[in-house]
Amino acid sequence: MLRKLQERMTLLLHKHFSGEAMDYRQVSALFLPILIDQAFIIGLSVVNTAMISSSGVAAISAVNMVDALHILLINIFVAVATGGTVVVAQYKGSRNPLMVSRATAASVTAVTLLAAAIALLLVSLHQPILRVLFGTASPDVMESARVYLIGSSISYVGLAVVQAVCGSLRGVGKTRAALALSLIMNALYVLLNLLFIQMLDMGVQGMTIAINIARYAGAVCALYYLFKIDATLHIRLVDLFHIPISMLRKILFIGLPFAAEQVFFNGGKLLTQVFIVSLGTYAIATNAIASSLAGFIQIPGAALSLTIVTVVGQCIGSGNIADARKFIRSFLWLGSGMLAVAGLLILPLFHPLIGLFEPPSEIVGDIFLLLVVIVIAQVPLWSVSFILPAALRAAGDARFTSMTSMLTMWLFRLSLGYVLGITLGMGILGIWIAMILEWGVRGAVFAWRLRGEKWHTHRLIKETEKG
């Protein structure tokens, strides 16, 4: 009986997750390290939120407020790193190792320089930024926010190096190495948070010290791996100071539209955060804790959205559109199924998990309601809204996906969020309902795009560049 079940499972996996470019074993080898990485990152985010919550509602509110801004800005250089991942994956699919190396070097340099520029701008303008965005927050929350904003901004360059190196490694299928680097950085962050927040009671200041040490240690390890351990990319230090303009154009062709999307998309989320700030400190804490738990449920989907960039990128690089379509459909169904299972597993554990955050009893019911709503809505909507655009972007269709995400964010999530949450007085629940409706609209547009042919007509790699 067990043997027959295994045979059926193998046939099913082969049918839906094997193609000319790679088979289900290779897909699994890509996915599992990324899944572990995402589980670790998001799990640590939950732990960190829980640790900082021990410093009081003001501390968790400040970190949550500033994190909305950090997500906006960090995603700008992460978007360029994603452009590097796509280009590296397509050159890998075309079997051109020389261009894979050049794309990796260009990605690391471009992402690092961009992160340094953003960090410098943010530190210089931190006071007016905080005053404009969160001026209604209480004085103790604003002071904690100032410390966390400056301290975290200084760590951007370290994070950028790790993101660029890990993105390139995923592009060539080395997800285990990317996992190891990510684990080093994030595990160190948690250990240092335990030291500075829990043991030394340094609160937000301790958190900023921990994040800088962890990210720059991760960057040192990433560069050491790239120069001394990796045996296939053949990157030298001098390569980081020479960026071919043609290669930079390819990376930015994907990265810049995605970066613009992140600015507008996360800018909308930041304005949504402004709405939440106006609802009071308890509302900020409710949103922070519910978002952390929702992110925990979405771990499988986040891992699939990263994996599909490599899979589709290599399919497009080898010129196999049929394989790309097949993998996209399979990933979408798998994503919905895994999100359903994750939600059903997490909901019964709500009370033990919520205990980690030590929230005021007044907001526990609101947090549970938000979690139930998101568990139900994400099964049909999350995959087409997040996994599908990652696949389209891997094929080079960056402009369309970015424009769609920007428009739906501002026309639906932001406007409806204000109407439902503020004007109609539904509070956090209204803002989250608007977010879910925006998922549905965006996902429907991407599904329509997939049915056509334009999404795969972009050519990042010329025939003369194929190996």
# chains A, B, ... in the order shown; residues from 1 in each chain; ligands from 1
$ residues_around --residues "Thr457 in chain A" --least-positions-apart "3" --cutoff "12 Å" --atoms "only C-alpha atoms" --output "list in words"
Ile316, Gly317, Gly319, Asn320, Ile321, Leu392, Arg393, Ala394, Ala395, Gly396, Asp397, Ala398, Leu450, Gly452, Glu453, Lys454, Leu460 and Ile461 of chain A
$ write_last_selection --atoms "N, CA and C atoms" --output "PDB file, in the first residue's frame"
ATOM      1  N   ILE A 316      12.948  30.159 -19.567  1.00  0.00           N
ATOM      2  CA  ILE A 316      12.962  31.204 -20.587  1.00  0.00           C
ATOM      3  C   ILE A 316      14.346  31.310 -21.220  1.00  0.00           C
ATOM      4  N   GLY A 317      15.395  31.189 -20.404  1.00  0.00           N
ATOM      5  CA  GLY A 317      16.753  31.240 -20.932  1.00  0.00           C
ATOM      6  C   GLY A 317      17.035  30.148 -21.941  1.00  0.00           C
ATOM      7  N   GLY A 319      14.679  28.885 -23.779  1.00  0.00           N
ATOM      8  CA  GLY A 319      13.704  29.042 -24.868  1.00  0.00           C
ATOM      9  C   GLY A 319      12.513  28.124 -24.783  1.00  0.00           C
ATOM     10  N   ASN A 320      12.250  27.523 -23.623  1.00  0.00           N
ATOM     11  CA  ASN A 320      11.153  26.557 -23.492  1.00  0.00           C
ATOM     12  C   ASN A 320       9.950  27.218 -22.803  1.00  0.00           C
ATOM     13  N   ILE A 321       9.055  27.797 -23.614  1.00  0.00           N
ATOM     14  CA  ILE A 321       7.890  28.502 -23.081  1.00  0.00           C
ATOM     15  C   ILE A 321       6.869  27.526 -22.509  1.00  0.00           C
ATOM     16  N   LEU A 392       6.059  35.975 -13.919  1.00  0.00           N
ATOM     17  CA  LEU A 392       6.036  36.870 -15.080  1.00  0.00           C
ATOM     18  C   LEU A 392       7.295  37.739 -15.117  1.00  0.00           C
ATOM     19  N   ARG A 393       7.712  38.189 -13.955  1.00  0.00           N
ATOM     20  CA  ARG A 393       8.922  39.015 -13.869  1.00  0.00           C
ATOM     21  C   ARG A 393      10.156  38.204 -14.280  1.00  0.00           C
ATOM     22  N   ALA A 394      10.195  36.929 -13.913  1.00  0.00           N
ATOM     23  CA  ALA A 394      11.318  36.068 -14.287  1.00  0.00           C
ATOM     24  C   ALA A 394      11.409  35.876 -15.791  1.00  0.00           C
ATOM     25  N   ALA A 395      10.272  36.032 -16.476  1.00  0.00           N
ATOM     26  CA  ALA A 395      10.261  35.930 -17.937  1.00  0.00           C
ATOM     27  C   ALA A 395      10.631  37.245 -18.606  1.00  0.00           C
ATOM     28  N   GLY A 396      10.827  38.297 -17.816  1.00  0.00           N
ATOM     29  CA  GLY A 396      11.175  39.598 -18.365  1.00  0.00           C
ATOM     30  C   GLY A 396      10.021  40.575 -18.429  1.00  0.00           C
ATOM     31  N   ASP A 397       8.839  40.164 -17.967  1.00  0.00           N
ATOM     32  CA  ASP A 397       7.643  41.006 -18.065  1.00  0.00           C
ATOM     33  C   ASP A 397       7.528  41.929 -16.849  1.00  0.00           C
ATOM     34  N   ALA A 398       8.600  42.661 -16.569  1.00  0.00           N
ATOM     35  CA  ALA A 398       8.679  43.444 -15.330  1.00  0.00           C
ATOM     36  C   ALA A 398       7.810  44.690 -15.371  1.00  0.00           C
ATOM     37  N   LEU A 450      -1.279  35.988 -18.146  1.00  0.00           N
ATOM     38  CA  LEU A 450      -0.679  34.672 -18.378  1.00  0.00           C
ATOM     39  C   LEU A 450      -1.335  33.949 -19.545  1.00  0.00           C
ATOM     40  N   GLY A 452      -2.257  35.137 -22.325  1.00  0.00           N
ATOM     41  CA  GLY A 452      -1.767  35.638 -23.606  1.00  0.00           C
ATOM     42  C   GLY A 452      -0.333  35.232 -23.892  1.00  0.00           C
ATOM     43  N   GLU A 453       0.298  35.938 -24.832  1.00  0.00           N
ATOM     44  CA  GLU A 453       1.657  35.601 -25.258  1.00  0.00           C
ATOM     45  C   GLU A 453       2.677  36.699 -24.961  1.00  0.00           C
ATOM     46  N   LYS A 454       2.224  37.900 -24.633  1.00  0.00           N
ATOM     47  CA  LYS A 454       3.151  39.024 -24.506  1.00  0.00           C
ATOM     48  C   LYS A 454       4.117  38.881 -23.340  1.00  0.00           C
ATOM     49  N   LEU A 460      15.913  39.206 -22.838  1.00  0.00           N
ATOM     50  CA  LEU A 460      17.059  39.732 -22.105  1.00  0.00           C
ATOM     51  C   LEU A 460      18.372  39.211 -22.695  1.00  0.00           C
ATOM     52  N   ILE A 461      18.317  37.978 -23.200  1.00  0.00           N
ATOM     53  CA  ILE A 461      19.525  37.311 -23.695  1.00  0.00           C
ATOM     54  C   ILE A 461      19.432  37.118 -25.199  1.00  0.00           C
TER      55      ILE A 461
END
$ residues_around --residues "Ile374 in chain A" --least-positions-apart "4" --cutoff "12 Å" --atoms "only C-alpha atoms" --output "MDAnalysis selection string"
chainID A and resid 290:291 293:298 339:340 342:344 346:347 367:370 378:382 429 432:437 439
$ write_last_selection --atoms "C-alpha atoms" --output "PDB file, in the first residue's frame"
ATOM      1  CA  ALA A 290      -1.445  40.132  13.304  1.00  0.00           C
ATOM      2  CA  SER A 291       0.953  40.890  10.431  1.00  0.00           C
ATOM      3  CA  LEU A 293       1.361  35.824  12.464  1.00  0.00           C
ATOM      4  CA  ALA A 294       0.015  36.218   8.907  1.00  0.00           C
ATOM      5  CA  GLY A 295       3.584  36.268   7.596  1.00  0.00           C
ATOM      6  CA  PHE A 296       4.218  33.022   9.444  1.00  0.00           C
ATOM      7  CA  ILE A 297       1.269  31.389   7.643  1.00  0.00           C
ATOM      8  CA  GLN A 298       2.512  32.664   4.264  1.00  0.00           C
ATOM      9  CA  LEU A 339      -1.363  28.118   2.262  1.00  0.00           C
ATOM     10  CA  ALA A 340      -4.568  26.263   3.190  1.00  0.00           C
ATOM     11  CA  ALA A 342      -0.488  26.295   6.883  1.00  0.00           C
ATOM     12  CA  GLY A 343      -3.566  28.250   7.933  1.00  0.00           C
ATOM     13  CA  LEU A 344      -5.287  25.176   9.344  1.00  0.00           C
ATOM     14  CA  ILE A 346      -1.598  27.785  12.761  1.00  0.00           C
ATOM     15  CA  LEU A 347      -5.137  28.712  13.840  1.00  0.00           C
ATOM     16  CA  ILE A 367      -5.908  39.904  16.353  1.00  0.00           C
ATOM     17  CA  PHE A 368      -7.708  36.552  16.110  1.00  0.00           C
ATOM     18  CA  LEU A 369     -10.412  38.016  13.858  1.00  0.00           C
ATOM     19  CA  LEU A 370      -7.800  39.437  11.471  1.00  0.00           C
ATOM     20  CA  GLN A 378      -5.356  33.840   1.067  1.00  0.00           C
ATOM     21  CA  VAL A 379      -6.235  30.367  -0.271  1.00  0.00           C
ATOM     22  CA  PRO A 380      -7.866  31.552  -3.534  1.00  0.00           C
ATOM     23  CA  LEU A 381      -6.122  34.931  -3.836  1.00  0.00           C
ATOM     24  CA  TRP A 382      -2.542  34.968  -2.511  1.00  0.00           C
ATOM     25  CA  LEU A 429     -10.499  45.223   9.932  1.00  0.00           C
ATOM     26  CA  TRP A 432      -7.308  44.535   5.944  1.00  0.00           C
ATOM     27  CA  ILE A 433     -10.491  43.900   3.931  1.00  0.00           C
ATOM     28  CA  ALA A 434      -9.333  46.541   1.435  1.00  0.00           C
ATOM     29  CA  MET A 435      -5.978  44.741   1.186  1.00  0.00           C
ATOM     30  CA  ILE A 436      -7.697  41.426   0.417  1.00  0.00           C
ATOM     31  CA  LEU A 437      -9.904  43.000  -2.254  1.00  0.00           C
ATOM     32  CA  TRP A 439      -5.222  40.964  -3.949  1.00  0.00           C
TER      33      TRP A 439
END
$ select_by_dssp --residues "range 92-333 of chain A" --states "alpha helix (DSSP H)" --output "MDAnalysis selection string"
chainID A and resid 92:93 97:124 126:134 139:154 156:171 175:193 203:224 245:278 281:297 299:317 321:333
$ residues_around --residues "range 98-112 of chain A" --least-positions-apart "4" --cutoff "8 Å" --atoms "only C-alpha atoms" --output "PyMOL selection string"
chain A and resi 77-78+80-81+83-84+87-89+91-92+116+157+160-161+164-165+168+233-235+239-244+247-248+251+465
$ write_last_selection --atoms "N, CA, C and O atoms" --output "short mmCIF file (atom, residue, chain, number, x, y, z; two decimals), in the first residue's frame"
data_model
loop_
_atom_site.label_atom_id
_atom_site.label_comp_id
_atom_site.auth_asym_id
_atom_site.auth_seq_id
_atom_site.Cartn_x
_atom_site.Cartn_y
_atom_site.Cartn_z
N PHE A 77 16.37 48.24 -3.18
CA PHE A 77 17.59 47.56 -3.62
C PHE A 77 17.41 46.05 -3.71
O PHE A 77 18.10 45.38 -4.49
N VAL A 78 16.47 45.49 -2.96
CA VAL A 78 16.15 44.07 -3.14
C VAL A 78 15.56 43.83 -4.52
O VAL A 78 15.78 42.79 -5.14
N VAL A 80 16.37 45.43 -7.27
CA VAL A 80 17.50 45.36 -8.20
C VAL A 80 18.22 44.03 -8.06
O VAL A 80 18.66 43.43 -9.06
N ALA A 81 18.32 43.52 -6.83
CA ALA A 81 18.90 42.18 -6.63
C ALA A 81 18.07 41.12 -7.34
O ALA A 81 18.62 40.15 -7.89
N GLY A 83 16.40 41.64 -10.07
CA GLY A 83 16.79 41.76 -11.49
C GLY A 83 18.04 40.96 -11.77
O GLY A 83 18.16 40.28 -12.80
N GLY A 84 19.01 41.00 -10.83
CA GLY A 84 20.21 40.19 -10.98
C GLY A 84 19.91 38.71 -10.97
O GLY A 84 20.48 37.94 -11.75
N VAL A 87 18.46 37.71 -14.44
CA VAL A 87 19.47 37.68 -15.49
C VAL A 87 20.42 36.50 -15.29
O VAL A 87 20.75 35.79 -16.25
N VAL A 88 20.84 36.26 -14.06
CA VAL A 88 21.72 35.12 -13.77
C VAL A 88 21.01 33.81 -14.13
O VAL A 88 21.61 32.92 -14.75
N ALA A 89 19.74 33.68 -13.77
CA ALA A 89 18.99 32.45 -14.06
C ALA A 89 18.85 32.22 -15.56
O ALA A 89 18.99 31.09 -16.05
N TYR A 91 20.86 33.37 -17.97
CA TYR A 91 22.17 32.97 -18.51
C TYR A 91 22.51 31.54 -18.12
O TYR A 91 23.14 30.80 -18.89
N LYS A 92 22.12 31.13 -16.92
CA LYS A 92 22.32 29.75 -16.51
C LYS A 92 21.54 28.81 -17.43
O LYS A 92 22.06 27.78 -17.86
N ALA A 116 23.70 51.99 -0.21
CA ALA A 116 24.47 53.02 0.48
C ALA A 116 23.85 54.40 0.26
O ALA A 116 23.77 55.21 1.20
N VAL A 157 23.81 48.57 3.93
CA VAL A 157 24.86 48.08 3.02
C VAL A 157 25.17 46.60 3.29
O VAL A 157 25.32 45.80 2.35
N ALA A 160 22.41 44.57 1.86
CA ALA A 160 22.42 44.59 0.40
C ALA A 160 23.40 43.56 -0.17
O ALA A 160 23.10 42.86 -1.14
N VAL A 161 24.58 43.48 0.44
CA VAL A 161 25.58 42.50 -0.03
C VAL A 161 25.03 41.08 0.10
O VAL A 161 25.12 40.27 -0.85
N ALA A 164 22.20 40.48 -2.53
CA ALA A 164 22.70 40.34 -3.91
C ALA A 164 23.39 39.00 -4.13
O ALA A 164 23.17 38.33 -5.15
N VAL A 165 24.22 38.61 -3.18
CA VAL A 165 24.93 37.33 -3.31
C VAL A 165 23.94 36.16 -3.27
O VAL A 165 24.00 35.26 -4.10
N SER A 168 21.90 35.91 -6.53
CA SER A 168 22.67 35.31 -7.63
C SER A 168 22.84 33.81 -7.43
O SER A 168 22.75 33.04 -8.39
N LEU A 233 31.29 30.21 -9.96
CA LEU A 233 31.05 31.58 -10.43
C LEU A 233 32.34 32.32 -10.78
O LEU A 233 32.35 33.21 -11.64
N HIS A 234 33.44 31.96 -10.11
CA HIS A 234 34.77 32.54 -10.41
C HIS A 234 34.76 34.07 -10.32
O HIS A 234 35.21 34.77 -11.24
N ILE A 235 34.25 34.59 -9.22
CA ILE A 235 34.22 36.03 -9.01
C ILE A 235 35.49 36.47 -8.27
O ILE A 235 35.88 35.85 -7.28
N ASP A 239 36.42 42.22 -10.08
CA ASP A 239 35.22 42.16 -10.92
C ASP A 239 34.11 43.07 -10.39
O ASP A 239 33.26 43.53 -11.16
N LEU A 240 34.12 43.32 -9.09
CA LEU A 240 33.08 44.16 -8.50
C LEU A 240 33.26 45.64 -8.86
O LEU A 240 32.35 46.44 -8.66
N PHE A 241 34.44 45.99 -9.36
CA PHE A 241 34.71 47.39 -9.73
C PHE A 241 34.61 47.62 -11.24
O PHE A 241 34.90 48.70 -11.72
N HIS A 242 34.18 46.57 -11.95
CA HIS A 242 34.02 46.70 -13.41
C HIS A 242 32.64 46.17 -13.79
O HIS A 242 32.41 44.96 -13.75
N ILE A 243 31.74 47.09 -14.14
CA ILE A 243 30.38 46.69 -14.50
C ILE A 243 30.13 47.02 -15.97
O ILE A 243 30.05 48.20 -16.34
N PRO A 244 30.02 46.01 -16.84
CA PRO A 244 29.68 46.29 -18.24
C PRO A 244 28.31 46.97 -18.33
O PRO A 244 27.35 46.53 -17.69
N MET A 247 25.41 44.78 -19.35
CA MET A 247 24.93 43.89 -18.29
C MET A 247 24.08 44.66 -17.29
O MET A 247 23.04 44.17 -16.82
N LEU A 248 24.52 45.85 -16.95
CA LEU A 248 23.75 46.68 -16.02
C LEU A 248 22.37 46.99 -16.58
O LEU A 248 21.39 47.01 -15.84
N ILE A 251 20.05 44.02 -16.02
CA ILE A 251 19.63 43.91 -14.62
C ILE A 251 18.60 44.98 -14.29
O ILE A 251 17.57 44.72 -13.65
N GLU A 465 24.54 35.29 -27.21
CA GLU A 465 25.03 35.20 -25.83
C GLU A 465 24.78 33.83 -25.22
O GLU A 465 25.17 33.58 -24.10
#
$ atom_distance --atom1 "CA of Ala390 in chain A" --atom2 "CA of Ser305 in chain A"
5.9 Å
$ atom_distance --atom1 "CA of Leu420 in chain A" --atom2 "CA of Asp366 in chain A"
16.1 Å
$ closest_residue --among "A:Leu32, A:Val132, A:Ala302, A:Val147" --to "Gly335 in chain A" --atoms "only C-alpha atoms"
A:Ala302
$ residues_around --residues "range 117-121 of chain A" --least-positions-apart "3" --cutoff "8 Å" --atoms "only C-alpha atoms" --output "list of chain:residue names"
A:Leu73, A:Leu113, A:Leu114, A:Ser124, A:Leu125, A:Ser153, A:Ile154, A:Tyr156, A:Val157
